[in-house]
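Asker: Here you go, this is query.txt (compact mmCIF, C-alpha atoms and all ligand atoms).
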# COMPACT_ATOMS: atom_id res chain seq x y z
CA MET X 367 2.71 13.07 13.76
CA LEU X 368 0.37 11.77 11.07
CA LYS X 369 -2.44 9.44 12.02
CA LYS X 370 -1.30 6.02 10.92
CA LEU X 371 -2.95 3.91 8.23
CA VAL X 372 -2.96 0.13 8.31
CA ALA X 373 -4.09 -1.42 5.04
CA GLY X 374 -4.62 -5.12 4.51
CA ASN X 375 -3.70 -6.50 1.09
CA TRP X 376 -5.64 -9.71 0.67
CA LYS X 377 -3.87 -10.45 -2.64
CA LEU X 378 -5.40 -13.40 -4.54
CA ASN X 379 -7.22 -14.85 -1.54
CA GLY X 380 -10.76 -15.12 -0.33
CA SER X 381 -14.13 -16.68 -1.02
CA LEU X 382 -17.61 -15.47 -0.18
CA ALA X 383 -17.66 -17.71 2.89
CA ALA X 384 -14.12 -16.96 4.06
CA ASN X 385 -14.64 -13.21 3.60
CA GLU X 386 -17.81 -13.30 5.66
CA ALA X 387 -16.02 -15.01 8.53
CA LEU X 388 -13.11 -12.55 8.36
CA LEU X 389 -15.40 -9.49 8.13
CA SER X 390 -17.37 -10.51 11.19
CA ALA X 391 -14.14 -10.34 13.22
CA LEU X 392 -12.89 -6.97 11.92
CA ALA X 393 -13.74 -3.73 13.68
CA ALA X 394 -12.67 -0.10 13.58
CA VAL X 395 -9.78 0.86 15.84
CA PRO X 396 -10.02 4.39 17.29
CA GLY X 397 -6.94 6.48 16.53
CA VAL X 398 -5.89 4.61 13.40
CA ASP X 399 -7.21 4.50 9.85
CA VAL X 400 -7.82 0.93 8.71
CA ALA X 401 -8.50 -0.32 5.19
CA VAL X 402 -8.69 -3.65 3.38
CA CYS X 403 -7.76 -4.01 -0.29
CA VAL X 404 -9.65 -6.94 -1.73
CA PRO X 405 -10.03 -8.72 -5.10
CA PHE X 406 -12.41 -6.93 -7.48
CA PRO X 407 -15.28 -9.45 -7.34
CA TYR X 408 -15.54 -9.05 -3.58
CA LEU X 409 -15.74 -5.24 -3.46
CA ALA X 410 -19.52 -5.24 -3.08
CA GLN X 411 -19.60 -7.93 -0.41
CA VAL X 412 -16.76 -6.47 1.63
CA GLY X 413 -17.99 -2.89 1.20
CA GLU X 414 -21.30 -3.87 2.74
CA GLY X 415 -19.71 -5.85 5.56
CA LEU X 416 -17.18 -3.34 6.82
CA ARG X 417 -17.86 -1.22 9.88
CA GLY X 418 -15.61 1.83 10.26
CA ILE X 419 -12.99 0.33 7.97
CA GLU X 420 -12.33 1.62 4.50
CA LEU X 421 -12.34 -0.30 1.27
CA GLY X 422 -9.64 -0.55 -1.34
CA ALA X 423 -8.72 -2.46 -4.48
CA GLN X 424 -5.39 -3.91 -5.52
CA ASN X 425 -5.04 -2.59 -9.06
CA VAL X 426 -6.63 -0.08 -11.42
CA SER X 427 -6.51 0.62 -15.12
CA GLU X 428 -4.67 3.64 -16.41
CA TYR X 429 -7.55 4.01 -18.89
CA GLY X 430 -10.94 5.52 -18.19
CA ALA X 431 -13.15 3.48 -20.53
CA GLY X 432 -13.15 1.74 -23.88
CA ALA X 433 -11.75 -1.32 -25.60
CA TYR X 434 -9.46 -2.55 -22.81
CA THR X 435 -10.64 -6.10 -22.10
CA GLY X 436 -10.09 -7.22 -18.54
CA GLU X 437 -9.39 -3.76 -17.13
CA VAL X 438 -11.19 -2.04 -14.23
CA SER X 439 -11.37 1.75 -14.16
CA ALA X 440 -10.89 4.10 -11.24
CA ALA X 441 -14.46 5.41 -11.70
CA MET X 442 -15.79 1.85 -11.28
CA LEU X 443 -13.89 1.50 -8.01
CA VAL X 444 -15.39 4.78 -6.80
CA GLU X 445 -18.85 3.42 -7.58
CA PHE X 446 -18.13 0.56 -5.21
CA ALA X 447 -17.13 3.00 -2.46
CA CYS X 448 -13.42 2.35 -2.65
CA ARG X 449 -11.23 4.98 -1.05
CA TYR X 450 -7.86 3.37 -1.76
CA VAL X 451 -6.23 1.39 -4.54
CA ILE X 452 -2.82 -0.27 -4.41
CA VAL X 453 -0.72 0.71 -7.41
CA GLY X 454 2.61 -0.75 -8.48
CA HIS X 455 2.85 -3.60 -6.02
CA SER X 456 6.08 -5.51 -6.62
CA GLU X 457 4.07 -8.61 -7.57
CA ARG X 458 2.47 -6.62 -10.39
CA ARG X 459 5.83 -5.19 -11.40
CA ALA X 460 7.54 -8.60 -11.41
CA LEU X 461 4.78 -10.99 -12.53
CA PHE X 462 2.66 -8.75 -14.76
CA ALA X 463 5.35 -6.57 -16.33
CA GLU X 464 4.06 -3.26 -14.99
CA ASN X 465 6.72 -0.63 -15.53
CA ASP X 466 7.47 2.59 -13.71
CA ALA X 467 5.75 4.78 -16.30
CA ALA X 468 2.53 2.73 -16.37
CA ILE X 469 2.44 2.82 -12.59
CA GLY X 470 2.70 6.61 -12.73
CA ARG X 471 -0.23 6.72 -15.14
CA LYS X 472 -2.29 4.42 -12.89
CA ALA X 473 -1.60 6.62 -9.88
CA ALA X 474 -2.67 9.68 -11.87
CA ALA X 475 -5.87 7.96 -13.05
CA ALA X 476 -6.72 7.03 -9.46
CA ILE X 477 -6.18 10.57 -8.17
CA LYS X 478 -8.23 12.05 -11.01
CA ALA X 479 -11.17 9.85 -10.01
CA GLY X 480 -10.89 10.81 -6.35
CA LEU X 481 -9.19 7.64 -5.10
CA VAL X 482 -6.11 7.58 -2.92
CA PRO X 483 -3.48 5.43 -4.61
CA ILE X 484 -1.18 3.45 -2.33
CA VAL X 485 1.92 3.49 -4.52
CA CYS X 486 4.39 0.72 -3.72
CA VAL X 487 8.13 1.03 -4.14
CA GLY X 488 11.00 -1.18 -3.05
CA GLU X 489 14.22 -2.85 -4.06
CA THR X 490 15.07 -6.50 -4.70
CA LEU X 491 17.63 -8.35 -2.61
CA ALA X 492 20.24 -8.07 -5.36
CA GLU X 493 19.66 -4.31 -5.54
CA ARG X 494 20.00 -3.97 -1.76
CA GLU X 495 23.17 -6.02 -1.72
CA ALA X 496 24.57 -3.79 -4.45
CA GLY X 497 23.88 -0.76 -2.23
CA GLN X 498 21.20 0.53 -4.60
CA ALA X 499 18.08 0.48 -2.40
CA MET X 500 17.50 4.24 -2.28
CA GLU X 501 18.53 4.69 -5.91
CA VAL X 502 15.88 2.16 -7.02
CA VAL X 503 13.21 3.70 -4.80
CA GLY X 504 14.11 7.17 -6.10
CA ARG X 505 13.79 5.98 -9.70
CA GLN X 506 10.38 4.43 -9.00
CA LEU X 507 9.19 7.60 -7.26
CA ALA X 508 10.53 9.86 -10.01
CA ALA X 509 8.46 8.01 -12.61
CA VAL X 510 5.33 8.67 -10.56
CA LEU X 511 6.25 12.30 -9.92
CA ASP X 512 6.79 12.81 -13.66
CA VAL X 513 3.17 11.90 -14.42
CA VAL X 514 1.40 13.08 -11.27
CA GLY X 515 3.32 16.29 -10.59
CA ALA X 516 4.60 17.61 -7.25
CA ALA X 517 1.35 19.38 -6.35
CA LYS X 518 -0.66 16.13 -6.38
CA MET X 519 1.94 13.80 -4.82
CA GLY X 520 0.40 14.72 -1.47
CA GLN X 521 -2.84 13.03 -2.54
CA MET X 522 -1.28 9.59 -2.44
CA VAL X 523 0.02 7.20 0.14
CA LEU X 524 3.42 5.60 -0.42
CA ALA X 525 4.36 2.11 0.69
CA TYR X 526 7.96 1.00 1.03
CA GLU X 527 7.95 -2.73 0.46
CA PRO X 528 11.40 -4.27 0.08
CA VAL X 529 10.77 -7.18 -2.29
CA TRP X 530 12.97 -9.50 -0.24
CA ALA X 531 10.85 -9.01 2.90
CA ILE X 532 7.47 -9.75 1.28
CA GLY X 533 6.05 -13.09 2.34
CA ALA X 534 9.48 -13.91 3.75
CA GLY X 535 8.42 -14.28 7.36
CA ARG X 536 11.15 -11.77 8.27
CA SER X 537 10.69 -8.03 7.89
CA ALA X 538 13.38 -5.49 7.17
CA ASN X 539 14.87 -4.37 10.47
CA ALA X 540 14.10 -1.04 12.10
CA ALA X 541 17.34 0.59 10.93
CA GLN X 542 16.80 -0.47 7.31
CA VAL X 543 13.20 0.72 7.38
CA GLY X 544 14.10 4.03 9.03
CA GLU X 545 16.84 4.75 6.52
CA VAL X 546 14.62 4.28 3.47
CA HIS X 547 11.56 6.01 4.98
CA SER X 548 13.53 9.10 5.95
CA GLY X 549 15.23 8.91 2.55
CA ILE X 550 11.83 8.92 0.83
CA ARG X 551 10.67 11.89 2.92
CA ALA X 552 13.83 13.82 2.09
CA TRP X 553 13.52 12.89 -1.58
CA LEU X 554 9.94 14.18 -1.68
CA ARG X 555 10.92 17.41 0.04
CA ALA X 556 13.74 17.96 -2.44
CA GLN X 557 11.20 17.70 -5.28
CA GLY X 558 9.02 20.41 -3.75
CA VAL X 559 6.37 18.00 -2.44
CA ALA X 560 4.67 18.85 0.88
CA ALA X 561 6.42 15.76 2.27
CA ASP X 562 5.24 16.02 5.87
CA ASP X 563 1.66 15.32 4.76
CA VAL X 564 2.46 12.14 2.79
CA ARG X 565 1.91 8.90 4.66
CA ILE X 566 4.69 6.38 4.06
CA LEU X 567 3.68 2.82 4.97
CA TYR X 568 6.04 -0.08 5.51
CA GLY X 569 5.14 -3.49 4.08
CA GLY X 570 6.90 -6.83 4.19
CA SER X 571 6.25 -9.49 6.83
CA VAL X 572 4.59 -7.15 9.33
CA LYS X 573 3.26 -9.43 12.08
CA PRO X 574 1.78 -8.94 15.56
CA ASP X 575 5.19 -9.52 17.12
CA ASN X 576 7.10 -6.88 15.13
CA ALA X 577 4.40 -4.26 14.45
CA VAL X 578 5.03 -2.16 17.57
CA GLU X 579 8.74 -1.88 16.79
CA LEU X 580 8.22 -1.11 13.10
CA PHE X 581 5.50 1.48 13.70
CA ALA X 582 7.72 3.26 16.23
CA VAL X 583 10.35 3.95 13.57
CA ALA X 584 10.52 7.61 12.53
CA ASP X 585 8.76 8.33 9.25
CA VAL X 586 6.76 5.08 9.35
CA ASP X 587 3.13 6.18 9.06
CA GLY X 588 1.52 2.76 9.04
CA GLY X 589 1.71 -0.58 7.32
CA LEU X 590 0.64 -2.54 4.27
CA ILE X 591 -0.10 -6.01 5.52
CA GLY X 592 -0.24 -9.14 3.39
CA GLY X 593 -0.50 -12.57 5.01
CA ALA X 594 -1.36 -11.30 8.48
CA SER X 595 -4.36 -9.36 7.13
CA LEU X 596 -6.11 -12.66 6.42
CA VAL X 597 -6.04 -13.64 10.09
CA ALA X 598 -8.49 -11.40 11.92
CA ASP X 599 -6.80 -11.50 15.34
CA ASP X 600 -3.39 -10.78 13.85
CA PHE X 601 -4.70 -7.93 11.71
CA MET X 602 -6.54 -6.34 14.63
CA THR X 603 -3.44 -6.62 16.82
CA ILE X 604 -1.37 -4.92 14.12
CA CYS X 605 -3.97 -2.16 13.80
CA ARG X 606 -3.90 -1.53 17.54
CA ALA X 607 -0.09 -1.33 17.41
CA ALA X 608 -0.47 1.64 15.05
CA VAL X 609 -2.44 3.86 17.40
CA VAL X 610 -0.41 7.02 17.90
CA LYS X 611 -0.12 7.59 21.62
P1 LIG R 1 3.36 -9.96 3.66
O1 LIG R 1 2.83 -9.14 4.81
O2 LIG R 1 2.64 -11.25 3.46
O3 LIG R 1 4.85 -10.09 3.70
O4 LIG R 1 3.02 -9.12 2.32
C1 LIG R 1 3.38 -7.80 2.26
C2 LIG R 1 2.76 -7.20 1.06
O5 LIG R 1 3.12 -7.51 -0.06
C3 LIG R 1 1.67 -6.23 1.27
O6 LIG R 1 1.35 -5.57 0.09
Represent the supplied structure as structure tokens.
Ligand code: 13P
Answerer:
Amino acid sequence: MLKKLVAGNWKLNGSLAANEALLSALAAVPGVDVAVCVPFPYLAQVGEGLRGIELGAQNVSEYGAGAYTGEVSAAMLVEFACRYVIVGHSERRALFAENDAAIGRKAAAAIKAGLVPIVCVGETLAEREAGQAMEVVGRQLAAVLDVVGAAKMGQMVLAYEPVWAIGAGRSANAAQVGEVHSGIRAWLRAQGVAADDVRILYGGSVKPDNAVELFAVADVDGGLIGGASLVADDFMTICRAAVVK
């Protein structure tokens, strides 16, 4: 079984003072990899304040350098000691018009610079109700595979985040999560990817009271945590729930 990864996604939250308070209450958890993905301006502060926890960002440019106002390159993130970067979060897909192909190019740019992209996939409620969950996830993955190639797919982390479970207060249930996670693993294998080495995180209303159950589901290799990652006690409890016994 893969060592689990629990990554906090702070989204558009934080301040110098609030981050300091949160950082002082975070600590490494033996037996689980822990990361926090923070807004760009806080990378330096959080990088200095973390002990045994890895740093990540929430977005990266597909471009390396040049006339791309407002963009942040993968090499810049490496300079700030980032190990991870979230790519293709559903909020970026829905609110900032990121498409499957651009997300593939961002993942490739991250890998090229030595970062581990956490590539997010997941269906909307309408797509789930139409029975298209795995079809949508497969399409999103195929776009990434097209750019990155099967040999390098193993250098990323995947996160299944059903859009309808994000910030909803109610996660997908264990059966729904298990079905898509094993579907993703099988899909990867069918494409010639060394699928057993790819960590597949679940994200969407993971809380202290459901983390143990969700992390026990086959093919769930950790979690991508939104709201609960801003509450130190909750985040630490979720991290402890991911220790592989
Ligand atoms: P919540 O945990 O707040 O539902 O957010 C999940 C998420 O979007 C993590 O990337």
Asker: Report as a PyMOL selection string which protein, DNA and RNA residues come within 7 Å of ligand LIG 1 (chain R), using all atoms listed in the file.
Answerer: chain X and resi 375+455+527+531-535+569-572+590-594
Asker: Residues within 9 Å of Leu392 of chain X, please, as a list of chain:residue names. Count all atoms listed in the file; anything in the same chain fewer than 4 positions from it doesn't count.
Answerer: X:Leu388, X:Leu416, X:Arg417, X:Ile419, X:Ala598, X:Asp599, X:Phe601, X:Met602
Asker: With a distance cut-off of 8 Å and all atoms listed in the file, select the neighbouring residues of Cys448 of chain X, excluding the residue or stretch itself and same-chain residues fewer than 2 positions from it, and output the selection as a CSV table (one decimal) with C-alpha atoms, keeping the file's coordinate frame.
Answerer:
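result.csv was written with the following content:
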chain,number,residue,atom,x,y,z
X,409,LEU,CA,-15.7,-5.2,-3.5
X,413,GLY,CA,-18.0,-2.9,1.2
X,420,GLU,CA,-12.3,1.6,4.5
X,421,LEU,CA,-12.3,-0.3,1.3
X,422,GLY,CA,-9.6,-0.6,-1.3
X,423,ALA,CA,-8.7,-2.5,-4.5
X,443,LEU,CA,-13.9,1.5,-8.0
X,444,VAL,CA,-15.4,4.8,-6.8
X,445,GLU,CA,-18.8,3.4,-7.6
X,446,PHE,CA,-18.1,0.6,-5.2
X,450,TYR,CA,-7.9,3.4,-1.8
X,451,VAL,CA,-6.2,1.4,-4.5
X,481,LEU,CA,-9.2,7.6,-5.1
Asker: Measure the distance from atom CA of Trp530 of chain X to atom CA of Leu491 of chain X in Å and round it to one decimal.
Answerer: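 Taking atom CA of Trp530 of chain X and atom CA of Leu491 of chain X, their separation equals 5.4 Å.
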Asker: May I ask which of the residues X:Gly520, X:Ala556, X:Val485, X:Leu596 is the closest one to Leu378 of chain X, counting all atoms listed in the file?
Answerer: X:Leu596
Asker: List the neighbours of Ala474 of chain X out to 8 Å using all atoms listed in the file; skip same-chain residues closer than 2 positions along the sequence, and give me the result as a list in words.
Answerer: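 My reading of the contact set: Glu428, Gly470, Arg471, Lys472, Ala476, Ile477, Lys478, Val513 and Val514 of chain X.
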Asker: What would the file look like if the residues just selected were written as a compact mmCIF listing (two decimals), in the coordinates of the input with C-alpha atoms?
Answerer:
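File out27.txt, as written:
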# COMPACT_ATOMS: atom_id res chain seq x y z
CA GLU X 428 -4.67 3.64 -16.41
CA GLY X 470 2.70 6.61 -12.73
CA ARG X 471 -0.23 6.72 -15.14
CA LYS X 472 -2.29 4.42 -12.89
CA ALA X 476 -6.72 7.03 -9.46
CA ILE X 477 -6.18 10.57 -8.17
CA LYS X 478 -8.23 12.05 -11.01
CA VAL X 513 3.17 11.90 -14.42
CA VAL X 514 1.40 13.08 -11.27
Asker: Grab the atom CA of Asp563 of chain X to atom CA of Ala479 of chain X distance for me, in Å with one decimal place.
Answerer: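 One can read the atom CA of Asp563 of chain X to atom CA of Ala479 of chain X distance as 20.3 Å.
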Asker: Could you tell me how far atom CA of Ser595 of chain X lies from atom CA of Gly504 of chain X, in Å and to one decimal?
Answerer: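 Value for the atom CA of Ser595 of chain X-atom CA of Gly504 of chain X distance: 28.1 Å.
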Asker: For segment 370-373 of chain X, work out the shell of residues within 8 Å, counting only C-alpha atoms and skipping chain neighbours fewer than 5 positions away, then give it as a compact mmCIF listing (two decimals) with C-alpha atoms, keeping the file's coordinate frame.
Answerer:
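Written file, part.txt:
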# COMPACT_ATOMS: atom_id res chain seq x y z
CA GLY X 397 -6.94 6.48 16.53
CA VAL X 398 -5.89 4.61 13.40
CA ASP X 399 -7.21 4.50 9.85
CA VAL X 400 -7.82 0.93 8.71
CA ALA X 401 -8.50 -0.32 5.19
CA VAL X 402 -8.69 -3.65 3.38
CA CYS X 403 -7.76 -4.01 -0.29
CA ARG X 565 1.91 8.90 4.66
CA LEU X 567 3.68 2.82 4.97
CA ASP X 587 3.13 6.18 9.06
CA GLY X 588 1.52 2.76 9.04
CA GLY X 589 1.71 -0.58 7.32
CA LEU X 590 0.64 -2.54 4.27
CA ILE X 591 -0.10 -6.01 5.52
CA ILE X 604 -1.37 -4.92 14.12
CA CYS X 605 -3.97 -2.16 13.80
CA ALA X 608 -0.47 1.64 15.05
CA VAL X 609 -2.44 3.86 17.40
CA VAL X 610 -0.41 7.02 17.90
Asker: Can you work out which one of X:Arg459, X:Arg606, X:Arg555, X:Arg536 has the shortest atom-to-atom distance to Thr490 of chain X, counting only C-alpha atoms?
Answerer: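 Smallest separation from Thr490 of chain X among the options: X:Arg459.
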Asker: Pick the closest to Leu382 of chain X from X:Ala440, X:Tyr429, X:Val412, X:Ala552: which is it, counting all atoms listed in the file?
Answerer: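 Of the candidates, the smallest distance to Leu382 of chain X is held by X:Val412.
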Asker: Any idea what's packed within 12 Å of Glu464 of chain X, counting all atoms listed in the file, ignoring anything in its chain fewer than 3 positions away? Could you give it as a count of residues only?
Answerer: 21
Asker: Reconstruct N, CA and C atoms of segment 442-458 of chain X; output as an mmCIF file, in the frame of the given file.
Answerer:
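After the write, selection_9.cif holds the following:
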data_model
loop_
_atom_site.group_PDB
_atom_site.id
_atom_site.type_symbol
_atom_site.label_atom_id
_atom_site.label_comp_id
_atom_site.auth_asym_id
_atom_site.auth_seq_id
_atom_site.Cartn_x
_atom_site.Cartn_y
_atom_site.Cartn_z
ATOM 1 N N MET X 442 -15.041 3.030 -11.745
ATOM 2 C CA MET X 442 -15.790 1.850 -11.280
ATOM 3 C C MET X 442 -15.498 1.571 -9.805
ATOM 4 N N LEU X 443 -14.251 1.734 -9.419
ATOM 5 C CA LEU X 443 -13.890 1.500 -8.010
ATOM 6 C C LEU X 443 -14.588 2.519 -7.105
ATOM 7 N N VAL X 444 -14.685 3.752 -7.582
ATOM 8 C CA VAL X 444 -15.390 4.780 -6.800
ATOM 9 C C VAL X 444 -16.855 4.391 -6.630
ATOM 10 N N GLU X 445 -17.439 3.837 -7.686
ATOM 11 C CA GLU X 445 -18.850 3.420 -7.580
ATOM 12 C C GLU X 445 -19.073 2.364 -6.506
ATOM 13 N N PHE X 446 -18.019 1.589 -6.245
ATOM 14 C CA PHE X 446 -18.130 0.560 -5.210
ATOM 15 C C PHE X 446 -17.597 1.045 -3.862
ATOM 16 N N ALA X 447 -17.495 2.372 -3.734
ATOM 17 C CA ALA X 447 -17.130 3.000 -2.460
ATOM 18 C C ALA X 447 -15.694 2.733 -2.024
ATOM 19 N N CYS X 448 -14.838 2.471 -2.991
ATOM 20 C CA CYS X 448 -13.420 2.350 -2.650
ATOM 21 C C CYS X 448 -12.868 3.726 -2.304
ATOM 22 N N ARG X 449 -11.987 3.752 -1.325
ATOM 23 C CA ARG X 449 -11.230 4.980 -1.050
ATOM 24 C C ARG X 449 -9.782 4.828 -1.536
ATOM 25 N N TYR X 450 -9.269 3.616 -1.431
ATOM 26 C CA TYR X 450 -7.860 3.370 -1.760
ATOM 27 C C TYR X 450 -7.727 2.388 -2.930
ATOM 28 N N VAL X 451 -6.596 2.466 -3.612
ATOM 29 C CA VAL X 451 -6.230 1.390 -4.540
ATOM 30 C C VAL X 451 -4.700 1.245 -4.507
ATOM 31 N N ILE X 452 -4.265 0.006 -4.371
ATOM 32 C CA ILE X 452 -2.820 -0.270 -4.410
ATOM 33 C C ILE X 452 -2.365 -0.162 -5.867
ATOM 34 N N VAL X 453 -1.266 0.526 -6.065
ATOM 35 C CA VAL X 453 -0.720 0.710 -7.410
ATOM 36 C C VAL X 453 0.773 0.347 -7.382
ATOM 37 N N GLY X 454 1.186 -0.452 -8.346
ATOM 38 C CA GLY X 454 2.610 -0.750 -8.480
ATOM 39 C C GLY X 454 3.171 -1.696 -7.445
ATOM 40 N N HIS X 455 2.318 -2.584 -6.938
ATOM 41 C CA HIS X 455 2.850 -3.600 -6.020
ATOM 42 C C HIS X 455 3.946 -4.391 -6.730
ATOM 43 N N SER X 456 4.937 -4.825 -5.985
ATOM 44 C CA SER X 456 6.080 -5.510 -6.620
ATOM 45 C C SER X 456 5.647 -6.788 -7.340
ATOM 46 N N GLU X 457 4.557 -7.406 -6.866
ATOM 47 C CA GLU X 457 4.070 -8.610 -7.570
ATOM 48 C C GLU X 457 3.550 -8.224 -8.956
ATOM 49 N N ARG X 458 2.943 -7.072 -9.074
ATOM 50 C CA ARG X 458 2.470 -6.620 -10.390
ATOM 51 C C ARG X 458 3.653 -6.191 -11.262
#
